[in-house]
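Have a look at the structure below before the remarks.
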Amino acid sequence: MTVLIAGCGDLGTEAGLRFAAAGFSVLGWRRSPEKLPKQITGSVVDLTGDLPRIPADTDVVVIAVAADQRTEEAYRAAYVTATANVLDALERDGVEPRRILFVSSTAVYGDADGGEVDEETPARPASATGAVILEAEQLLHDRRPDAVVLRLSGIYGPGRTRLIDSVMSGTAVVPAGTQLTNRIHRDDAAEAIVHLTTRVSPPAPLYVGVDMEPVELADVLGFLAAELGRELPPAGDTSSSRGGNRRLSNRRLRATGFEFAYPTYREGYRAVLAGAGVRHL
């Protein structure tokens, strides 16, 4: 059986390697397939344009796109247009995969004033880009009600070192007030994609992908400062509350039997600092 990964970037590639290790033939669509590891058969594809034929034995389709700019137009092209194009290509070629999974974002939720957010919480995006991602989710479920949407929180991991770099450079600022953050290690996000498409039957239409511990940004910065042997960053006003003030819940994902390799930021960031894993460019 074939797994098609439409948008085979860092996360898609890591998932693809795990599908390949499980015995699947993996096809990765991206603009620069020469960068893919040998376990993934790459094709040069612009998901907003004409798409190549899809193998008849395609069992799983993963749509894992990313916008190249933080604008509403770029997000619409990457999420809405690309998703519609993939669905059109499946219909064109008469291919009916057993499972379609769309990698979404918890940006579709608004601020919850520190409250808990799960799959039953109404999605009320606080940004135009979040609204576009929600539109793509709805388009997918309108056309494939059995599709799975995985809303991921802030992904970190190999090569994703924004917070580490800010502590190292001394530019980090500890928020003066409360600022909850939610995250998931890239490897756990990739494993969740494989898990939900191959080991859960039938899956729910929606899952939140987040680790075990929503946490104050101040605690994460303090932890990183201690691990790096740096001074605790100073407190001050921050320009944004990336991710909104909320506590995301992973109960539904865990109820499927999913287990985290990096259950909290502590294990995950220690692995990053130790140089574990590589970012797939």
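So you can find residues: chains in the structure tokens are A, B, ... in the order shown, residues in each start at 1, and ligands are numbered from 1 in order.
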Next item on the list: Determine, counting only C-alpha atoms, which protein, DNA and RNA residues have an atom within 8 Å of an atom of range 126-135 of chain A; residues of the same chain fewer than 3 positions away are not included. Present the result as a VMD selection string.
Entry: chain A and resid 70 to 72 75 to 76 79 to 80 104 to 105 107 to 111 123 138 to 139
For range 35-65 of chain A against range 15-20 of chain A, with a cut-off of 9 Å and counting only C-alpha atoms, what is the closest atom pair and its distance in Å to one decimal for every residue that makes the cut, ordered by chain and number, as CSV?
residue,atom,partner,partner_atom,distance
A:Pro37,CA,A:Leu17,CA,8.2
A:Gln39,CA,A:Ala20,CA,6.4
A:Ile40,CA,A:Gly16,CA,6.7
May I have the residues from that selection written out with all heavy atoms, as a short mmCIF file (atom, residue, chain, number, x, y, z; two decimals), in the first residue's frame?
data_model
loop_
_atom_site.label_atom_id
_atom_site.label_comp_id
_atom_site.auth_asym_id
_atom_site.auth_seq_id
_atom_site.Cartn_x
_atom_site.Cartn_y
_atom_site.Cartn_z
N PRO A 37 14.77 11.99 1.94
CA PRO A 37 15.58 10.80 2.15
C PRO A 37 15.15 9.69 1.21
O PRO A 37 14.03 9.70 0.67
CB PRO A 37 15.31 10.43 3.61
CG PRO A 37 14.00 11.07 3.93
CD PRO A 37 13.92 12.31 3.11
N GLN A 39 14.14 6.76 1.56
CA GLN A 39 12.97 5.94 1.91
C GLN A 39 11.67 6.52 1.35
O GLN A 39 10.63 5.84 1.36
CB GLN A 39 12.84 5.83 3.44
CG GLN A 39 13.99 5.10 4.11
CD GLN A 39 15.04 6.08 4.62
OE1 GLN A 39 15.35 7.08 3.95
NE2 GLN A 39 15.60 5.80 5.79
N ILE A 40 11.71 7.77 0.86
CA ILE A 40 10.52 8.43 0.34
C ILE A 40 10.74 8.75 -1.14
O ILE A 40 11.74 9.36 -1.51
CB ILE A 40 10.23 9.74 1.12
CG1 ILE A 40 9.99 9.44 2.61
CG2 ILE A 40 9.02 10.46 0.54
CD1 ILE A 40 9.85 10.67 3.47
#
Next item on the list: Apply DSSP to the backbone of this structure and, from range 147-278 of chain A, keep only the residues in strand (DSSP E or B); write these as a VMD selection string.
Entry: chain A and resid 148 to 152 154 to 157 160 174 to 175 180 to 181 183 to 185 206 to 209 215 to 216 235 to 236 247 to 248
Notebook entry, point to check: Which residues in range 128-193 of chain A does DSSP call alpha helix (DSSP H)? List them as a PyMOL selection string.
Noted result: chain A and resi 128-143+162-169+186-193
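Each of A:Asp165, A:Asp113, A:Leu273, A:Leu101 was checked against Leu196 in chain A using only C-alpha atoms; the smallest atom-to-atom distance is that of A:Leu101.
Each of A:Leu150, A:Leu4, A:Ala189, A:Ala84 was checked against Ala204 in chain A using only C-alpha atoms; the smallest atom-to-atom distance is that of A:Leu150.
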Check: Quick one: distance from CA of Met1 in chain A to CA of Arg99 in chain A in Å, one decimal?
Finding: 12.0 Å
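Remark: for Met168 in chain A, the closest of the candidate residues A:Val86, A:Leu221, A:Leu253, A:Val26 is A:Leu221 (distances computed over only C-alpha atoms).
When CA of Leu248 in chain A is paired with CA of Val174 in chain A, their separation reads 21.2 Å.
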Margin query: With only C-alpha atoms as the counted atoms, please give the residues lying no more than 6 Å from Val62 in chain A, apart from itself and same-chain residues fewer than 4 positions off, as a ChimeraX atom specification.
Written below: /A:5,100-102
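Distance-wise, CA of Leu51 in chain A and CA of Glu137 in chain A end up 20.3 Å apart.
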Note to self: At a cut-off of 8 Å, using only C-alpha atoms, what residues contact Leu11 in chain A? Leave out same-chain residues fewer than 4 positions from it and give the result as a list in words.
What the structure shows: Ala15, Ala64, Arg186, Asp187, Ala189, Ala190 and His280 of chain A
Next item on the list: Fewer than 3 positions away in the same chain doesn't count, so skip those; otherwise give me all residues within 8 Å of Asp188 in chain A, counting only C-alpha atoms, as a ChimeraX atom specification.
Entry: /A:184-185,191-192,260-262
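For range 181-183 of chain A, the set of protein, DNA and RNA residues having any atom at most 6 Å away, when counting only C-alpha atoms and skipping those fewer than 4 positions along the same chain, is Ser153, Gly154, Ile155, Val210, Pro214, Val215, Glu216 and Leu217 of chain A.
With distances restricted to only C-alpha atoms, A:Asn85 is the closest residue to Arg53 in chain A from A:Thr256, A:Asn85, A:Gln69, A:Ser25.
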